[in-house]
Structures are given as structure tokens and as C-alpha cells.
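What follows is final.pdb (PDB, C-alpha atoms).
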```pdb
ATOM      1  CA  MET L   1      15.264  17.195 100.430
ATOM      2  CA  THR L   2      12.860  18.850 102.873
ATOM      3  CA  GLN L   3       9.700  17.680 101.099
ATOM      4  CA  VAL L   4       8.971  13.968 100.776
ATOM      5  CA  PRO L   5       9.144  13.150  97.049
ATOM      6  CA  GLN L   6       5.855  11.969  95.582
ATOM      7  CA  ASN L   7       6.494  12.096  91.833
ATOM      8  CA  LEU L   8       9.496  10.050  90.696
ATOM      9  CA  THR L   9      11.202   9.285  87.426
ATOM     10  CA  ILE L  10      12.918   5.900  87.335
ATOM     11  CA  ALA L  11      15.004   4.769  84.393
ATOM     12  CA  ALA L  12      16.872   1.594  83.502
ATOM     13  CA  THR L  13      19.710   1.458  81.005
ATOM     14  CA  GLY L  14      21.863  -1.253  79.477
ATOM     15  CA  ALA L  15      24.011  -2.376  82.385
ATOM     16  CA  SER L  16      23.729  -5.538  84.433
ATOM     17  CA  GLY L  17      21.468  -5.308  87.464
ATOM     18  CA  ALA L  18      17.897  -5.855  86.268
ATOM     19  CA  MET L  19      16.830  -7.287  89.613
ATOM     20  CA  PHE L  20      17.764  -3.983  91.258
ATOM     21  CA  THR L  21      15.417  -2.160  88.865
ATOM     22  CA  ARG L  22      12.630  -4.617  89.588
ATOM     23  CA  GLU L  23      13.029  -4.300  93.353
ATOM     24  CA  LEU L  24      13.111  -0.505  93.244
ATOM     25  CA  LEU L  25       9.844  -0.497  91.312
ATOM     26  CA  ARG L  26       8.300  -2.955  93.771
ATOM     27  CA  VAL L  27       9.228  -0.788  96.734
ATOM     28  CA  VAL L  28       7.895   2.469  95.267
ATOM     29  CA  GLU L  29       4.726   0.682  94.142
ATOM     30  CA  SER L  30       4.018  -0.267  97.753
ATOM     31  CA  ASP L  31       5.047   3.093  99.263
ATOM     32  CA  PRO L  32       1.876   5.157  99.852
ATOM     33  CA  ARG L  33       3.872   8.388  99.873
ATOM     34  CA  VAL L  34       4.767   7.953  96.203
ATOM     35  CA  THR L  35       1.831   8.885  93.971
ATOM     36  CA  THR L  36       3.348   8.812  90.478
ATOM     37  CA  VAL L  37       6.291   7.035  88.867
ATOM     38  CA  ASN L  38       7.320   7.593  85.263
ATOM     39  CA  PHE L  39       9.393   4.570  84.225
ATOM     40  CA  ILE L  40      11.669   4.548  81.180
ATOM     41  CA  ALA L  41      13.666   1.575  79.926
ATOM     42  CA  SER L  42      16.218   1.900  77.145
ATOM     43  CA  ASP L  43      16.409  -0.676  74.339
ATOM     44  CA  ASN L  44      19.589  -2.030  75.897
ATOM     45  CA  ALA L  45      17.832  -2.327  79.264
ATOM     46  CA  LEU L  46      15.199  -4.504  77.589
ATOM     47  CA  ARG L  47      17.942  -6.832  76.403
ATOM     48  CA  VAL L  48      19.350  -7.045  79.939
ATOM     49  CA  PHE L  49      15.847  -7.755  81.301
ATOM     50  CA  ALA L  50      15.577 -10.627  78.816
ATOM     51  CA  GLU L  51      18.974 -12.044  79.802
ATOM     52  CA  GLU L  52      18.689 -11.638  83.562
ATOM     53  CA  LEU L  53      14.949 -11.856  84.286
ATOM     54  CA  GLU L  54      13.650 -13.707  81.208
ATOM     55  CA  ILE L  55      11.313 -10.788  80.492
ATOM     56  CA  ARG L  56      10.517 -10.418  76.799
ATOM     57  CA  GLY L  57       9.507  -7.314  74.917
ATOM     58  CA  ARG L  58       8.286  -3.844  75.822
ATOM     59  CA  SER L  59       4.590  -4.731  76.018
ATOM     60  CA  ASP L  60       3.261  -4.685  79.585
ATOM     61  CA  LEU L  61       6.819  -4.259  80.840
ATOM     62  CA  VAL L  62       5.797  -2.850  84.214
ATOM     63  CA  LYS L  63       3.327  -5.683  84.734
ATOM     64  CA  GLN L  64       6.013  -8.208  83.818
ATOM     65  CA  LEU L  65       8.454  -6.655  86.299
ATOM     66  CA  LEU L  66       5.963  -6.366  89.166
ATOM     67  CA  GLY L  67       3.980  -9.520  88.467
ATOM     68  CA  ALA L  68       0.778  -7.474  88.545
ATOM     69  CA  ALA L  69      -0.697  -4.298  87.087
ATOM     70  CA  SER L  70       0.545  -1.084  88.680
ATOM     71  CA  ARG L  71      -1.535   1.599  90.326
ATOM     72  CA  LYS L  72       1.003   4.353  89.883
ATOM     73  CA  ILE L  73       3.867   3.376  87.547
ATOM     74  CA  ARG L  74       3.505   4.732  84.015
ATOM     75  CA  GLN L  75       5.708   3.292  81.297
ATOM     76  CA  GLN L  76       7.309   5.873  78.993
ATOM     77  CA  THR L  77       8.968   5.257  75.636
ATOM     78  CA  ASN L  78      12.620   6.262  75.510
ATOM     79  CA  ASN L  79      12.332   7.771  72.035
ATOM     80  CA  ASP L  80       9.422  10.030  73.081
ATOM     81  CA  ILE L  81      11.401  13.202  73.584
ATOM     82  CA  GLY L  82       8.125  15.113  74.011
ATOM     83  CA  ALA L  83       6.946  13.145  77.047
ATOM     84  CA  ASN L  84       6.018  14.918  80.295
ATOM     85  CA  VAL L  85       9.381  14.336  82.039
ATOM     86  CA  ALA L  86      11.200  16.026  79.129
ATOM     87  CA  SER L  87      10.002  19.417  80.374
ATOM     88  CA  GLY L  88      11.136  21.398  83.379
ATOM     89  CA  SER L  89       7.536  22.498  83.894
ATOM     90  CA  TYR L  90       6.580  18.921  84.806
ATOM     91  CA  PRO L  91       6.898  18.518  88.602
ATOM     92  CA  THR L  92       9.277  15.580  88.953
ATOM     93  CA  ASP L  93      10.624  15.463  92.512
ATOM     94  CA  ALA L  94      13.624  13.211  91.801
ATOM     95  CA  MET L  95      15.073  10.861  89.189
ATOM     96  CA  ILE L  96      16.880   7.563  89.730
ATOM     97  CA  VAL L  97      18.754   5.757  86.953
ATOM     98  CA  LEU L  98      19.207   2.149  88.068
ATOM     99  CA  PRO L  99      21.316   0.701  86.634
ATOM    100  CA  CYS L 100      23.159   3.513  84.865
ATOM    101  CA  SER L 101      25.455   2.393  82.066
ATOM    102  CA  MET L 102      28.708   4.160  81.311
ATOM    103  CA  GLY L 103      27.242   5.263  77.971
ATOM    104  CA  THR L 104      24.300   6.953  79.675
ATOM    105  CA  LEU L 105      26.632   8.485  82.251
ATOM    106  CA  ALA L 106      28.834   9.887  79.462
ATOM    107  CA  ARG L 107      25.926  11.505  77.657
ATOM    108  CA  VAL L 108      24.399  12.960  80.830
ATOM    109  CA  ALA L 109      27.780  14.247  82.029
ATOM    110  CA  ASN L 110      28.400  15.997  78.722
ATOM    111  CA  GLY L 111      24.952  17.518  78.270
ATOM    112  CA  LEU L 112      23.793  15.272  75.432
ATOM    113  CA  ALA L 113      20.086  14.499  75.386
ATOM    114  CA  GLY L 114      19.260  12.272  72.443
ATOM    115  CA  ASN L 115      16.528  10.265  74.137
ATOM    116  CA  LEU L 116      14.013  10.621  76.959
ATOM    117  CA  ILE L 117      16.236   9.193  79.711
ATOM    118  CA  GLU L 118      19.031  11.618  78.883
ATOM    119  CA  ARG L 119      16.647  14.556  78.489
ATOM    120  CA  ALA L 120      14.867  13.809  81.786
ATOM    121  CA  ALA L 121      18.242  13.654  83.525
ATOM    122  CA  ASP L 122      19.284  16.922  81.886
ATOM    123  CA  VAL L 123      16.047  18.529  83.108
ATOM    124  CA  CYS L 124      16.785  17.433  86.685
ATOM    125  CA  LEU L 125      20.233  18.998  86.507
ATOM    126  CA  LYS L 126      19.056  22.292  85.043
ATOM    127  CA  GLU L 127      16.152  22.526  87.490
ATOM    128  CA  LYS L 128      18.429  21.494  90.387
ATOM    129  CA  ARG L 129      16.335  18.452  91.250
ATOM    130  CA  PRO L 130      17.857  15.276  92.705
ATOM    131  CA  LEU L 131      19.372  12.999  90.063
ATOM    132  CA  VAL L 132      20.780   9.691  91.319
ATOM    133  CA  LEU L 133      22.963   7.712  88.915
ATOM    134  CA  CYS L 134      23.449   4.126  90.096
ATOM    135  CA  VAL L 135      26.434   3.378  87.924
ATOM    136  CA  ARG L 136      27.639  -0.134  87.286
ATOM    137  CA  GLU L 137      30.983  -0.960  85.683
ATOM    138  CA  ALA L 138      34.305  -2.504  86.676
ATOM    139  CA  PRO L 139      37.081  -1.696  86.297
ATOM    140  CA  LEU L 140      36.776   2.012  85.570
ATOM    141  CA  ASN L 141      38.941   3.661  82.938
ATOM    142  CA  LYS L 142      40.001   7.311  82.993
ATOM    143  CA  ILE L 143      37.132   8.326  80.700
ATOM    144  CA  HIS L 144      34.622   6.797  83.131
ATOM    145  CA  ILE L 145      36.241   8.569  86.068
ATOM    146  CA  ARG L 146      36.242  11.927  84.267
ATOM    147  CA  ASN L 147      32.570  11.495  83.403
ATOM    148  CA  LEU L 148      31.734  10.557  86.989
ATOM    149  CA  TYR L 149      33.361  13.803  88.108
ATOM    150  CA  ARG L 150      31.571  15.867  85.442
ATOM    151  CA  ALA L 151      28.168  14.444  86.373
ATOM    152  CA  ALA L 152      28.784  14.999  90.087
ATOM    153  CA  ASP L 153      30.067  18.504  89.426
ATOM    154  CA  ALA L 154      26.863  19.254  87.499
ATOM    155  CA  GLY L 155      24.765  18.212  90.483
ATOM    156  CA  ALA L 156      24.124  14.484  90.111
ATOM    157  CA  THR L 157      24.624  12.018  92.945
ATOM    158  CA  ILE L 158      26.872   9.129  91.928
ATOM    159  CA  TYR L 159      25.506   6.091  93.732
ATOM    160  CA  PRO L 160      27.461   3.011  92.594
ATOM    161  CA  LEU L 161      25.504  -0.218  92.393
ATOM    162  CA  ILE L 162      27.311  -1.814  95.324
ATOM    163  CA  PRO L 163      25.319  -3.846  97.862
ATOM    164  CA  THR L 164      26.222  -3.849 101.546
ATOM    165  CA  PHE L 165      27.304  -6.861 103.574
ATOM    166  CA  TYR L 166      27.403  -5.435 107.112
ATOM    167  CA  SER L 167      23.641  -6.022 107.233
ATOM    168  CA  ARG L 168      24.421  -9.756 106.992
ATOM    169  CA  PRO L 169      22.068 -10.468 104.093
ATOM    170  CA  HIS L 170      20.602 -13.955 103.932
ATOM    171  CA  SER L 171      20.054 -13.948 100.173
ATOM    172  CA  VAL L 172      20.657 -12.039  96.969
ATOM    173  CA  GLU L 173      17.099 -10.735  97.246
ATOM    174  CA  ASP L 174      17.893  -9.359 100.700
ATOM    175  CA  MET L 175      20.935  -7.481  99.341
ATOM    176  CA  VAL L 176      18.914  -6.108  96.438
ATOM    177  CA  GLY L 177      16.117  -4.994  98.745
ATOM    178  CA  GLN L 178      18.463  -3.195 101.116
ATOM    179  CA  PHE L 179      20.104  -1.376  98.204
ATOM    180  CA  ALA L 180      16.709  -0.145  96.987
ATOM    181  CA  CYS L 181      15.928   1.085 100.497
ATOM    182  CA  ARG L 182      19.230   2.960 100.741
ATOM    183  CA  VAL L 183      18.732   4.706  97.388
ATOM    184  CA  LEU L 184      15.216   5.765  98.328
ATOM    185  CA  ALA L 185      16.356   6.962 101.752
ATOM    186  CA  HIS L 186      18.915   9.139  99.968
ATOM    187  CA  ILE L 187      16.132  11.082  98.234
ATOM    188  CA  GLY L 188      14.011  11.337 101.387
ATOM    189  CA  LEU L 189      11.950   8.136 101.278
ATOM    190  CA  LYS L 190      13.138   6.099 104.246
ATOM    191  CA  GLN L 191      11.657   2.605 104.265
ATOM    192  CA  GLU L 192      10.421   0.626 107.222
ATOM    193  CA  GLY L 193      12.491  -2.492 107.730
ATOM    194  CA  ALA L 194      15.619  -1.011 106.169
ATOM    195  CA  TYR L 195      18.801  -1.954 107.989
ATOM    196  CA  VAL L 196      20.271   0.764 110.184
ATOM    197  CA  TRP L 197      23.843   0.486 111.464
ATOM    198  CA  LYS L 198      23.865   0.750 115.234
ATOM    199  CA  GLY L 199      27.600   0.772 115.814
ATOM    200  CA  GLU L 200      27.496  -2.204 118.145
TER     201      GLU L 200
END
```
What does this structure look like when you write it as C-alpha cells?
Amino acid sequence: MTQVPQNLTIAATGASGAMFTRELLRVVESDPRVTTVNFIASDNALRVFAEELEIRGRSDLVKQLLGAASRKIRQQTNNDIGANVASGSYPTDAMIVLPCSMGTLARVANGLAGNLIERAADVCLKEKRPLVLCVREAPLNKIHIRNLYRAADAGATIYPLIPTFYSRPHSVEDMVGQFACRVLAHIGLKQEGAYVWKGE
């Protein structure tokens, strides 16, 4: 991207990795270049949040994830197919699905848009805007692999939820933070303090 993205759509679906979602939201909340974030969590994501982060319910979800009220992150309802991000006329600069379940991948890859997450992703593809799918599953079957190819062929970036170890992380939080930085750098939002390989 030549222009620094300011208006982001971030979605969470029903795969393990809730702490990655939380860290991504924390980073964009503190990034002054980002002015607006539309955040969508699927019903299955809410269950994962409850299991992995002990966050309960949809009420004040962003506040629960950040630990404080947000200045820029707007919570959207996944069944609101008429929300702003459902239209190509709304100026979303990029969309990140973190984590992206295999079910969400399948529906995006095959052009199905039964909820707001899927529709927002479909809009990014048709408008040729960056769509980053942070998929999380292991092992992969042939259906998964075919859907990964279809989504990539349609224009999505497949960004598996795999942390790095060459940065010598000192904690799980360090790994999660570096992953968030790498995803954001991919869409043009490089973060200060992110690890950079120097080849030494």
C-alpha cells in the first residue's frame, strides 16, 4: 500500500488465539495513524474469548478486551449485514481477520456472505482492498488447502497465525506482540519496537 491505512476493519472468528486479537486491538488503539477501527466478533469468537480470556458476553466487549474505553474502536454486530463496512462505498483501507477459522475461510473463499464478517471480507476482495486472513488450524486437510488457494487467488493475503522465534521472545506476550506488529507492517503500519532481522 502506498497510503498509510487509517480506517481498519478487524474481525475475530471462532478459532483459538484470542490473545492475538486483544493485542492487535491494543496496538491499533495506541497508533495515532489509525483513526477508525470497526471491530466485529462472531458468536464463536465470543465463546473463545470466554474460554481463553475469561471475557463474558458481548456487552462492552472492546472495553473488556482493552481494559479501558476506546477512542477509536467501534464494535459492530456480526448479524448487521447493513452496517457501514458491508458497503464498498465505505472507505475501509484494509481488513484483518485474526484469528480466521477454517469455516470463515471457506465462506470467504467461495463468495458466501451470510454475516457481516463475510460480507466485509467480500467487499475488500471486490474493491481490491487488502484482506489479511490469519488462519489457524492444524493439520490442514485438502479442503482447507483448496480454500486457502481460492482465497489467495481472489486477492486475500493468507497470513497463518504462526509466531516467530528468531526474535528470541521472553514470554508469550512478547510473541503475540511481535505477531501483531508483523501483520500491521504487512498492511503499511510499521510499529516502533518491532523486531527487525539484521542477518547477523
Counting all atoms listed in the file, which residue out of L:Leu112, L:Met102, L:Ala180, L:Ile158 sits closest to Asn141 of chain L?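 Closest residue, counting all atoms listed in the file: L:Met102.
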I'd like the neighbourhood of Arg119 of chain L as a list in words, where a residue qualifies if any of its atoms comes within 10 Å (using all atoms listed in the file), though same-chain residues fewer than 3 positions away should be ignored.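 Returned residues: Asn78, Ile81, Gly82, Ala83, Val85, Ala86, Ser87, Arg107, Val108, Gly111, Leu112, Ala113, Gly114, Asn115, Leu116, Asp122, Val123, Cys124 and Leu125 of chain L.
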Identify, on the basis of all atoms listed in the file, every residue whose closest approach to Glu173 of chain L does not exceed 10 Å; exclude the query and any residue fewer than 6 positions from it along the same chain; express the result as a list in words.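 Once the adjacent positions are removed, what remains is Met19, Phe20, Glu23 and Phe179 of chain L.
Taking atom CA of Arg136 of chain L and atom CA of Gly103 of chain L as endpoints, the distance between them is 10.8 Å.
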What is the atom CA of Ala18 of chain L-atom CA of Asn79 of chain L distance in Å, reported with one decimal?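 Distance reported for this atom pair: 20.5 Å.
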Please measure the separation of atom CA of Ser59 of chain L and atom CA of Arg71 of chain L, giving the value in Å to one decimal.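 Between these atoms lies a distance of 16.8 Å.
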Tell me, as a compact mmCIF listing (two decimals) with C-alpha atoms, in the frame of the given file, which residues lie within 8 Å of Leu131 of chain L, counting all atoms listed in the file; anything in the same chain fewer than 2 positions away does not count.
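Generated file (selection_30.txt):
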```
# COMPACT_ATOMS: atom_id res chain seq x y z
CA ALA L 94 13.62 13.21 91.80
CA MET L 95 15.07 10.86 89.19
CA ILE L 96 16.88 7.56 89.73
CA VAL L 97 18.75 5.76 86.95
CA ALA L 121 18.24 13.65 83.52
CA CYS L 124 16.78 17.43 86.68
CA LEU L 125 20.23 19.00 86.51
CA ARG L 129 16.34 18.45 91.25
CA LEU L 133 22.96 7.71 88.92
CA GLY L 155 24.76 18.21 90.48
CA ALA L 156 24.12 14.48 90.11
CA THR L 157 24.62 12.02 92.94
```
Between L:Ala151, L:Ala185, L:Ile145, L:Ile117, which residue has the minimum interatomic distance to Ala41 of chain L, considering all atoms listed in the file?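 For Ala41 of chain L, the nearest of the candidates is L:Ile117.
Evaluated against this file, the PyMOL selection byres ((chain L and resi 70) around 12) yields Leu25, Arg26, Val27, Val28, Glu29, Ser30, Thr35, Thr36, Val37, Asn38, Phe39, Asp60, Leu61, Val62, Lys63, Gln64, Leu65, Leu66, Gly67, Ala68, Ala69, Arg71, Lys72, Ile73, Arg74 and Gln75 of chain L.
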Need the shell around Thr164 of chain L: protein/DNA/RNA residues with any atom at most 12 Å away, counting all atoms listed in the file. Skip same-chain ones fewer than 6 positions apart. Format as a PyMOL selection string? chain L and resi 170-172+174-182+194-197
Given all atoms listed in the file as the basis, pick out the residue of L:Ala109, L:Ala120, L:Ala50, L:Cys134 nearest to Gly88 of chain L.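 Among the listed residues, L:Ala120 lies closest to Gly88 of chain L.
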Given the PyMOL selection byres ((chain L and resi 48) around 9) and the file above, list the residues it selects as a PDB file with C-alpha atoms, keeping the file's coordinate frame.
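Saved result, expr25.pdb, follows:
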```pdb
ATOM      1  CA  THR L  13      19.710   1.458  81.005  1.00  0.00           C
ATOM      2  CA  GLY L  14      21.863  -1.253  79.477  1.00  0.00           C
ATOM      3  CA  ALA L  15      24.011  -2.376  82.385  1.00  0.00           C
ATOM      4  CA  SER L  16      23.729  -5.538  84.433  1.00  0.00           C
ATOM      5  CA  GLY L  17      21.468  -5.308  87.464  1.00  0.00           C
ATOM      6  CA  ALA L  18      17.897  -5.855  86.268  1.00  0.00           C
ATOM      7  CA  ASP L  43      16.409  -0.676  74.339  1.00  0.00           C
ATOM      8  CA  ASN L  44      19.589  -2.030  75.897  1.00  0.00           C
ATOM      9  CA  ALA L  45      17.832  -2.327  79.264  1.00  0.00           C
ATOM     10  CA  LEU L  46      15.199  -4.504  77.589  1.00  0.00           C
ATOM     11  CA  ARG L  47      17.942  -6.832  76.403  1.00  0.00           C
ATOM     12  CA  PHE L  49      15.847  -7.755  81.301  1.00  0.00           C
ATOM     13  CA  ALA L  50      15.577 -10.627  78.816  1.00  0.00           C
ATOM     14  CA  GLU L  51      18.974 -12.044  79.802  1.00  0.00           C
ATOM     15  CA  GLU L  52      18.689 -11.638  83.562  1.00  0.00           C
ATOM     16  CA  LEU L  53      14.949 -11.856  84.286  1.00  0.00           C
ATOM     17  CA  GLU L  54      13.650 -13.707  81.208  1.00  0.00           C
ATOM     18  CA  ILE L  55      11.313 -10.788  80.492  1.00  0.00           C
TER      19      ILE L  55
END
```
What does the PyMOL selection byres ((chain L and resi 135) around 7) select in this file, as an mmCIF file with C-alpha atoms, in the coordinates of the input?
```
data_model
loop_
_atom_site.group_PDB
_atom_site.id
_atom_site.type_symbol
_atom_site.label_atom_id
_atom_site.label_comp_id
_atom_site.auth_asym_id
_atom_site.auth_seq_id
_atom_site.Cartn_x
_atom_site.Cartn_y
_atom_site.Cartn_z
ATOM 1 C CA PRO L 99 21.316 0.701 86.634
ATOM 2 C CA CYS L 100 23.159 3.513 84.865
ATOM 3 C CA SER L 101 25.455 2.393 82.066
ATOM 4 C CA LEU L 133 22.963 7.712 88.915
ATOM 5 C CA CYS L 134 23.449 4.126 90.096
ATOM 6 C CA ARG L 136 27.639 -0.134 87.286
ATOM 7 C CA GLU L 137 30.983 -0.960 85.683
ATOM 8 C CA TYR L 159 25.506 6.091 93.732
ATOM 9 C CA PRO L 160 27.461 3.011 92.594
ATOM 10 C CA LEU L 161 25.504 -0.218 92.393
#
```
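Restricting the calculation to all atoms listed in the file, the smallest distance between Thr104 of chain L and any of L:Ala154, L:Leu184, L:Leu148, L:Ala138 is found for L:Leu148.
Distance annotation: of L:Asp80, L:Lys126, L:Val132, L:Leu105, the residue with the minimal separation from Ile187 of chain L is L:Val132; atom set is all atoms listed in the file.
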Using all atoms listed in the file for the distances, tell me which of L:Leu140, L:Val4, L:Leu189, L:Ala106 is nearest to Ala152 of chain L.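 Ranking L:Leu140, L:Val4, L:Leu189, L:Ala106 by distance to Ala152 of chain L, first place goes to L:Ala106.
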